[in-house]
2 protein chains.
Amino acid sequence: MTSRSSLSPLRVLGIDPGLTRCGVGVVDVAPDRSAQLVHVGVVRSDPGEPIEVRLALIATGLRAVIEAHRPDVVAVERVFAQHNRQTVMGTAQASGIALLVAGERGLPAATHTPSEVKAAITGYGSADKRQVQTMVARVLRLDALPQPADAADALALALCHAWRGGATVAAASGPLTPAQRAWADAERLSRR
Amino acid sequence: MTSRSSLSPLRVLGIDPGLTRCGVGVVDVAPDRSAQLVHVGVVRSDPGEPIEVRLALIATGLRAVIEAHRPDVVAVERVFAQHNRQTVMGTAQASGIALLVAGERGLPAATHTPSEVKAAITGYGSADKRQVQTMVARVLRLDALPQPADAADALALALCHAWRGGATVAAASGPLTPAQRAWADAERLSRR
């Protein structure tokens with residue numbers, strides 16, 4: 001336990017992509033799975049602006065979060081084609097921007113589906129939003145449910161990524177940062 | 001006619017978005033609808049790279065085209081959710097990057113559907129690829145069909161945008177460049 005607690009936590013930026021509201025949540029997750037809230041917020045773009053301006057605003061907002069909080073890895077919610085055909089293309093474009101800003105900074109990125117997130121946080125993939133939020137608040141020792149809801153989803157995504165073995169994803173995406181390497185080693189030890 | 005031929009042409013960058021191959025075509029289109037080829041090419045990303053790296057490569061490639069050829073406006077093929085579910089999300093993400101690089105440079109952008117492009121180029125919306133390419137080659141006075149095919153689609157998109165009244169779209173997206181303003185005026189005059 002001594003060697004574990006001396007390790008740097010993994011800092012994960014979770015992004016719940018959307019054109020009008022992009023939820024962002026940053027958490028520090030230790031190898032023992034305990035977690036600390038670093039930042040939570042929403043990057044907005046005005047629906048009255050042209051699409052190219054909105055995407056540029058989202059990129060600027062996400063880059064500012066990365067600059068301020070310097071995550072080790074970025075986790076983005078995976079978008080599916082089959083639902084909400086009207087808005088899904090905008091959401092997919094926003095998710096492309098989220099992945100791009102990670103790639104531009106040399107950060108590894110990963111995507112997780114909503115049911116992977118629910119399963120990782122609550123133990124079952126069809127949990128409702130409120131159950132996920134309650135669990136996120138408990139894990140992060142918050143006095144109230146994280147607000148706004150999109151930001152709560154981003155926090156859940158970030159926790160999910162770390163708990164599902166962010167180190168594995170990071171290893172597939174290129175060289176590890178020192179924090180990621182230490183985290184991967186500790187994870188490996190804890191599985192023995 | 002004298003006043004028209006003295007106007008600057010509108011320079012349009014057409015982008016056929018894709019993760020592995022992004023077709024790019026730049027054309028100068030005069031108010032009398034005659035057009036000149038400026039650049040044609042493909043921005044590639046390696047399918048073996050992680051998605052965040054691929055999107056960053058695409059952004060870098062598209063920015064280089066904008067830097068080299070300084071278009072007045074960017075036209076991007078519109079992506080639909082209903083077809084090719086497997087690849088459509090990647091194409092949508094690439095289209096988000098294409099719109100973003102326009103927005104970051106303060107360039108107006110517009111999207112057109114494949115049938116709008118076919119109708120604008122050949123006169124009917126269900127023309128096949130070969131008919132579109134043949135028409136693009138004729139309009140641009142090329143000795144052979146434009147190569148590769150994705151780049152031909154990008155040229156068709158750029159021509160479509162100018163011919164469908166790029167000035168209208170530009171006006172909706174913010175202030176016009178001097179070339180766009182002159183073009184819009186000439187278009188308005190020609191409709192009288």
# chains A, B, ... in the order shown; residues from 1 in each chain; ligands from 1
$ interface_residues --of "chain B" --to "chain A" --cutoff "7 Å" --atoms "only C-alpha atoms" --output "VMD selection string"
chain B and resid 50 52 to 53 55 to 56 81 85 89 92 to 97 99 to 100 102 to 104 109 173
$ residues_around --residues "Arg138 (chain A)" --least-positions-apart "6" --cutoff "12 Å" --atoms "only C-alpha atoms" --output "ChimeraX atom specification"
/A:34-37,121-122,131-132,144-146,156
$ write_last_selection --atoms "all heavy atoms" --output "compact mmCIF listing (two decimals), in the first residue's frame"
# COMPACT_ATOMS: atom_id res chain seq x y z
N SER A 34 -9.81 5.52 -5.77
CA SER A 34 -10.39 6.71 -5.15
C SER A 34 -10.20 7.88 -6.10
O SER A 34 -9.26 7.91 -6.91
CB SER A 34 -9.72 6.99 -3.81
OG SER A 34 -8.38 7.37 -4.02
N ALA A 35 -11.13 8.85 -6.03
CA ALA A 35 -11.13 9.92 -7.03
C ALA A 35 -11.41 11.27 -6.40
O ALA A 35 -12.05 11.38 -5.34
CB ALA A 35 -12.17 9.62 -8.10
N GLN A 36 -10.93 12.29 -7.06
CA GLN A 36 -11.02 13.66 -6.58
C GLN A 36 -11.53 14.54 -7.73
O GLN A 36 -11.05 14.42 -8.86
CB GLN A 36 -9.58 14.11 -6.22
CG GLN A 36 -9.46 15.37 -5.44
CD GLN A 36 -9.48 15.07 -3.94
OE1 GLN A 36 -8.95 14.04 -3.51
NE2 GLN A 36 -10.09 15.95 -3.15
N LEU A 37 -12.50 15.41 -7.42
CA LEU A 37 -12.98 16.35 -8.43
C LEU A 37 -11.94 17.45 -8.65
O LEU A 37 -11.44 18.04 -7.69
CB LEU A 37 -14.29 17.00 -7.97
CG LEU A 37 -14.86 18.10 -8.86
CD1 LEU A 37 -15.32 17.53 -10.20
CD2 LEU A 37 -16.01 18.83 -8.17
N ILE A 121 -20.00 2.82 -13.41
CA ILE A 121 -20.27 3.69 -12.26
C ILE A 121 -21.22 3.01 -11.27
O ILE A 121 -21.01 3.06 -10.05
CB ILE A 121 -20.89 5.04 -12.72
CG1 ILE A 121 -19.94 5.76 -13.70
CG2 ILE A 121 -21.22 5.94 -11.53
CD1 ILE A 121 -18.61 6.14 -13.15
N THR A 122 -22.29 2.39 -11.78
CA THR A 122 -23.32 1.87 -10.88
C THR A 122 -23.32 0.35 -10.79
O THR A 122 -23.99 -0.21 -9.93
CB THR A 122 -24.74 2.28 -11.35
OG1 THR A 122 -25.03 1.57 -12.56
CG2 THR A 122 -24.83 3.77 -11.59
N GLN A 131 -29.36 7.78 -10.82
CA GLN A 131 -28.52 6.80 -10.12
C GLN A 131 -27.04 7.04 -10.42
O GLN A 131 -26.18 6.95 -9.54
CB GLN A 131 -28.91 5.38 -10.53
CG GLN A 131 -30.26 4.94 -9.98
CD GLN A 131 -30.72 3.62 -10.59
OE1 GLN A 131 -30.75 3.47 -11.81
NE2 GLN A 131 -31.11 2.68 -9.73
N VAL A 132 -26.75 7.35 -11.69
CA VAL A 132 -25.36 7.62 -12.07
C VAL A 132 -24.86 8.87 -11.34
O VAL A 132 -23.78 8.88 -10.76
CB VAL A 132 -25.24 7.80 -13.61
CG1 VAL A 132 -23.83 8.23 -13.99
CG2 VAL A 132 -25.61 6.51 -14.33
N ALA A 144 -23.64 17.77 -2.99
CA ALA A 144 -24.87 17.74 -3.79
C ALA A 144 -24.57 17.03 -5.09
O ALA A 144 -23.42 16.77 -5.42
CB ALA A 144 -25.34 19.16 -4.06
N LEU A 145 -25.64 16.70 -5.84
CA LEU A 145 -25.43 16.09 -7.16
C LEU A 145 -24.68 17.09 -8.04
O LEU A 145 -24.94 18.29 -7.98
CB LEU A 145 -26.78 15.74 -7.81
CG LEU A 145 -27.62 14.68 -7.10
CD1 LEU A 145 -28.78 14.25 -7.99
CD2 LEU A 145 -26.78 13.47 -6.71
N PRO A 146 -23.73 16.57 -8.86
CA PRO A 146 -22.98 17.49 -9.71
C PRO A 146 -23.91 18.20 -10.69
O PRO A 146 -24.82 17.59 -11.26
CB PRO A 146 -21.99 16.58 -10.45
CG PRO A 146 -22.42 15.18 -10.19
CD PRO A 146 -23.31 15.17 -9.00
N ALA A 156 -18.83 11.23 -14.95
CA ALA A 156 -19.04 9.78 -14.96
C ALA A 156 -18.17 9.12 -16.02
O ALA A 156 -17.55 8.07 -15.78
CB ALA A 156 -20.53 9.47 -15.22
$ residues_around --residues "Leu13 (chain B)" --least-positions-apart "6" --cutoff "6 Å" --atoms "only C-alpha atoms" --output "PyMOL selection string"
chain B and resi 25-26+71+74+158
$ write_last_selection --atoms "all heavy atoms" --output "tab-separated table (two decimals), in the first residue's frame"
chain	number	residue	atom	x	y	z
B	25	GLY	N	-10.58	20.18	-53.30
B	25	GLY	CA	-10.51	20.80	-54.62
B	25	GLY	C	-10.73	22.29	-54.49
B	25	GLY	O	-11.65	22.72	-53.79
B	26	VAL	N	-9.87	23.07	-55.13
B	26	VAL	CA	-10.01	24.53	-55.10
B	26	VAL	C	-10.26	25.01	-56.52
B	26	VAL	O	-9.52	24.64	-57.44
B	26	VAL	CB	-8.75	25.20	-54.52
B	26	VAL	CG1	-8.94	26.72	-54.43
B	26	VAL	CG2	-8.39	24.62	-53.15
B	71	PRO	N	-8.81	30.28	-49.88
B	71	PRO	CA	-10.17	30.36	-50.46
B	71	PRO	C	-11.00	31.45	-49.78
B	71	PRO	O	-10.70	31.87	-48.66
B	71	PRO	CB	-10.75	28.98	-50.15
B	71	PRO	CG	-10.02	28.53	-48.93
B	71	PRO	CD	-8.61	29.07	-49.08
B	74	VAL	N	-15.60	27.85	-47.90
B	74	VAL	CA	-15.36	26.40	-47.85
B	74	VAL	C	-16.70	25.68	-47.99
B	74	VAL	O	-17.66	26.02	-47.29
B	74	VAL	CB	-14.67	26.00	-46.53
B	74	VAL	CG1	-14.47	24.49	-46.44
B	74	VAL	CG2	-13.32	26.72	-46.38
B	158	ALA	N	-17.20	22.12	-54.93
B	158	ALA	CA	-16.79	23.53	-54.98
B	158	ALA	C	-17.55	24.27	-56.08
B	158	ALA	O	-18.06	25.38	-55.87
B	158	ALA	CB	-15.29	23.62	-55.19
$ select_by_dssp --residues "region 4-190 of chain A" --states "helix (DSSP H, G or I)" --output "PyMOL selection string"
chain A and resi 4-5+51-69+85-104+114-122+129-139+149-163+166-172+178-190
$ select_by_dssp --residues "region 15-187 of chain A" --states "strand (DSSP E or B)" --output "MDAnalysis selection string"
chainID A and resid 15:16 21:29 35:44 73:77 109:112
$ atom_distance --atom1 "CA of Ser8 (chain A)" --atom2 "CA of Ala30 (chain A)"
7.1 Å
$ atom_distance --atom1 "CA of Asp46 (chain A)" --atom2 "CA of Ala75 (chain A)"
24.1 Å
$ closest_residue --among "B:Gly48, B:Gly125, B:Gly165, B:Pro148" --to "Gly23 (chain B)" --atoms "only C-alpha atoms"
B:Pro148
$ atom_distance --atom1 "CA of Met135 (chain B)" --atom2 "CA of Pro17 (chain B)"
21.2 Å
$ residues_around --residues "Val43 (chain A)" --least-positions-apart "3" --cutoff "8 Å" --atoms "only C-alpha atoms" --output "list in words"
Arg21, Cys22, Gly23, Val24, Ile58, Gly61 and Leu62 of chain A
$ write_last_selection --atoms "C-alpha atoms" --output "PDB file, in the first residue's frame"
ATOM      1  CA  ARG A  21     -23.601  22.156 -24.629  1.00  0.00           C
ATOM      2  CA  CYS A  22     -20.422  20.092 -24.227  1.00  0.00           C
ATOM      3  CA  GLY A  23     -20.123  18.729 -20.690  1.00  0.00           C
ATOM      4  CA  VAL A  24     -16.553  18.656 -19.346  1.00  0.00           C
ATOM      5  CA  ILE A  58     -16.179  24.456 -28.878  1.00  0.00           C
ATOM      6  CA  GLY A  61     -13.406  26.146 -24.959  1.00  0.00           C
ATOM      7  CA  LEU A  62     -12.058  22.578 -24.779  1.00  0.00           C
TER       8      LEU A  62
END
$ residues_around --residues "Asp153 (chain A)" --least-positions-apart "4" --cutoff "8 Å" --atoms "only C-alpha atoms" --output "PDB file with N, CA, C and O atoms, in the first residue's frame"
ATOM      1  N   ASP A  16     -18.601  15.079 -22.670  1.00  0.00           N
ATOM      2  CA  ASP A  16     -19.902  14.635 -23.185  1.00  0.00           C
ATOM      3  C   ASP A  16     -20.234  15.559 -24.354  1.00  0.00           C
ATOM      4  O   ASP A  16     -20.672  16.687 -24.149  1.00  0.00           O
ATOM      5  N   GLY A  23     -20.484  18.901 -22.093  1.00  0.00           N
ATOM      6  CA  GLY A  23     -20.123  18.729 -20.690  1.00  0.00           C
ATOM      7  C   GLY A  23     -18.647  18.379 -20.568  1.00  0.00           C
ATOM      8  O   GLY A  23     -18.148  17.559 -21.343  1.00  0.00           O
ATOM      9  N   GLN A 133     -25.694   9.932 -11.348  1.00  0.00           N
ATOM     10  CA  GLN A 133     -25.299  11.188 -10.700  1.00  0.00           C
ATOM     11  C   GLN A 133     -25.072  10.998  -9.201  1.00  0.00           C
ATOM     12  O   GLN A 133     -24.133  11.550  -8.627  1.00  0.00           O
ATOM     13  N   ALA A 149     -26.378  18.763 -15.441  1.00  0.00           N
ATOM     14  CA  ALA A 149     -26.441  17.322 -15.719  1.00  0.00           C
ATOM     15  C   ALA A 149     -25.420  16.872 -16.766  1.00  0.00           C
ATOM     16  O   ALA A 149     -24.813  15.813 -16.628  1.00  0.00           O
ATOM     17  N   LEU A 157     -18.077   9.765 -17.165  1.00  0.00           N
ATOM     18  CA  LEU A 157     -17.268   9.262 -18.273  1.00  0.00           C
ATOM     19  C   LEU A 157     -15.781   9.212 -17.873  1.00  0.00           C
ATOM     20  O   LEU A 157     -15.078   8.230 -18.164  1.00  0.00           O
TER      21      LEU A 157
END
$ decode --residues "region 59-96 of chain B" --atoms "N, CA and C atoms" --output "tab-separated table (two decimals), in the first residue's frame"
chain	number	residue	atom	x	y	z
B	59	ALA	N	-6.80	17.80	-39.86
B	59	ALA	CA	-6.85	19.25	-39.61
B	59	ALA	C	-5.59	19.92	-40.15
B	60	THR	N	-4.43	19.33	-39.90
B	60	THR	CA	-3.17	19.91	-40.36
B	60	THR	C	-3.14	19.98	-41.89
B	61	GLY	N	-3.57	18.89	-42.54
B	61	GLY	CA	-3.58	18.84	-44.00
B	61	GLY	C	-4.53	19.88	-44.60
B	62	LEU	N	-5.72	20.01	-44.01
B	62	LEU	CA	-6.70	20.97	-44.54
B	62	LEU	C	-6.23	22.41	-44.30
B	63	ARG	N	-5.62	22.64	-43.12
B	63	ARG	CA	-5.10	24.00	-42.85
B	63	ARG	C	-4.02	24.37	-43.85
B	64	ALA	N	-3.20	23.39	-44.25
B	64	ALA	CA	-2.13	23.66	-45.22
B	64	ALA	C	-2.73	24.06	-46.57
B	65	VAL	N	-3.83	23.41	-46.97
B	65	VAL	CA	-4.49	23.77	-48.24
B	65	VAL	C	-5.05	25.19	-48.16
B	66	ILE	N	-5.68	25.53	-47.03
B	66	ILE	CA	-6.23	26.89	-46.85
B	66	ILE	C	-5.11	27.92	-46.89
B	67	GLU	N	-4.01	27.61	-46.20
B	67	GLU	CA	-2.86	28.51	-46.14
B	67	GLU	C	-2.29	28.75	-47.55
B	68	ALA	N	-2.17	27.67	-48.32
B	68	ALA	CA	-1.54	27.77	-49.65
B	68	ALA	C	-2.45	28.46	-50.67
B	69	HIS	N	-3.78	28.26	-50.55
B	69	HIS	CA	-4.66	28.70	-51.64
B	69	HIS	C	-5.67	29.77	-51.23
B	70	ARG	N	-5.76	30.07	-49.93
B	70	ARG	CA	-6.58	31.18	-49.44
B	70	ARG	C	-7.96	31.30	-50.10
B	71	PRO	N	-8.81	30.28	-49.88
B	71	PRO	CA	-10.17	30.36	-50.46
B	71	PRO	C	-11.00	31.45	-49.78
B	72	ASP	N	-12.06	31.91	-50.49
B	72	ASP	CA	-13.01	32.85	-49.89
B	72	ASP	C	-14.06	32.14	-49.06
B	73	VAL	N	-14.29	30.86	-49.37
B	73	VAL	CA	-15.38	30.12	-48.74
B	73	VAL	C	-15.06	28.62	-48.83
B	74	VAL	N	-15.60	27.85	-47.90
B	74	VAL	CA	-15.36	26.40	-47.85
B	74	VAL	C	-16.70	25.68	-47.99
B	75	ALA	N	-16.76	24.69	-48.88
B	75	ALA	CA	-17.98	23.88	-49.06
B	75	ALA	C	-17.66	22.44	-48.67
B	76	VAL	N	-18.51	21.86	-47.83
B	76	VAL	CA	-18.25	20.51	-47.30
B	76	VAL	C	-19.45	19.63	-47.64
B	77	GLU	N	-19.18	18.39	-48.07
B	77	GLU	CA	-20.30	17.49	-48.38
B	77	GLU	C	-21.05	17.13	-47.10
B	78	ARG	N	-22.38	17.21	-47.18
B	78	ARG	CA	-23.20	16.91	-46.00
B	78	ARG	C	-23.26	15.40	-45.78
B	79	VAL	N	-23.09	14.98	-44.53
B	79	VAL	CA	-23.07	13.56	-44.17
B	79	VAL	C	-24.42	13.18	-43.58
B	80	PHE	N	-24.94	12.01	-43.97
B	80	PHE	CA	-26.22	11.54	-43.44
B	80	PHE	C	-26.03	10.35	-42.51
B	81	ALA	N	-26.93	10.24	-41.55
B	81	ALA	CA	-26.83	9.16	-40.56
B	81	ALA	C	-27.30	7.82	-41.11
B	82	GLN	N	-28.16	7.82	-42.11
B	82	GLN	CA	-28.86	6.58	-42.43
B	82	GLN	C	-28.03	5.52	-43.17
B	83	HIS	N	-26.94	5.92	-43.83
B	83	HIS	CA	-26.20	4.95	-44.64
B	83	HIS	C	-24.85	4.58	-44.01
B	84	ASN	N	-24.40	3.36	-44.30
B	84	ASN	CA	-23.07	2.91	-43.87
B	84	ASN	C	-22.79	3.21	-42.41
B	85	ARG	N	-23.63	2.69	-41.55
B	85	ARG	CA	-23.55	3.02	-40.14
B	85	ARG	C	-22.13	2.86	-39.57
B	86	GLN	N	-21.40	1.88	-40.12
B	86	GLN	CA	-20.06	1.57	-39.62
B	86	GLN	C	-19.10	2.76	-39.77
B	87	THR	N	-19.15	3.42	-40.93
B	87	THR	CA	-18.16	4.46	-41.21
B	87	THR	C	-18.72	5.86	-41.07
B	88	VAL	N	-20.06	5.99	-40.90
B	88	VAL	CA	-20.65	7.32	-40.99
B	88	VAL	C	-20.18	8.23	-39.85
B	89	MET	N	-19.92	7.66	-38.67
B	89	MET	CA	-19.47	8.49	-37.56
B	89	MET	C	-18.09	9.08	-37.84
B	90	GLY	N	-17.20	8.28	-38.41
B	90	GLY	CA	-15.87	8.79	-38.78
B	90	GLY	C	-15.96	9.88	-39.83
B	91	THR	N	-16.86	9.68	-40.81
B	91	THR	CA	-17.04	10.69	-41.85
B	91	THR	C	-17.62	11.98	-41.24
B	92	ALA	N	-18.56	11.82	-40.31
B	92	ALA	CA	-19.15	13.00	-39.65
B	92	ALA	C	-18.08	13.74	-38.84
B	93	GLN	N	-17.21	12.99	-38.16
B	93	GLN	CA	-16.15	13.63	-37.39
B	93	GLN	C	-15.19	14.38	-38.31
B	94	ALA	N	-14.85	13.76	-39.45
B	94	ALA	CA	-13.98	14.44	-40.42
B	94	ALA	C	-14.66	15.70	-40.97
B	95	SER	N	-15.98	15.63	-41.19
B	95	SER	CA	-16.68	16.82	-41.68
B	95	SER	C	-16.68	17.92	-40.63
B	96	GLY	N	-16.74	17.53	-39.35
B	96	GLY	CA	-16.63	18.51	-38.26
B	96	GLY	C	-15.27	19.22	-38.29
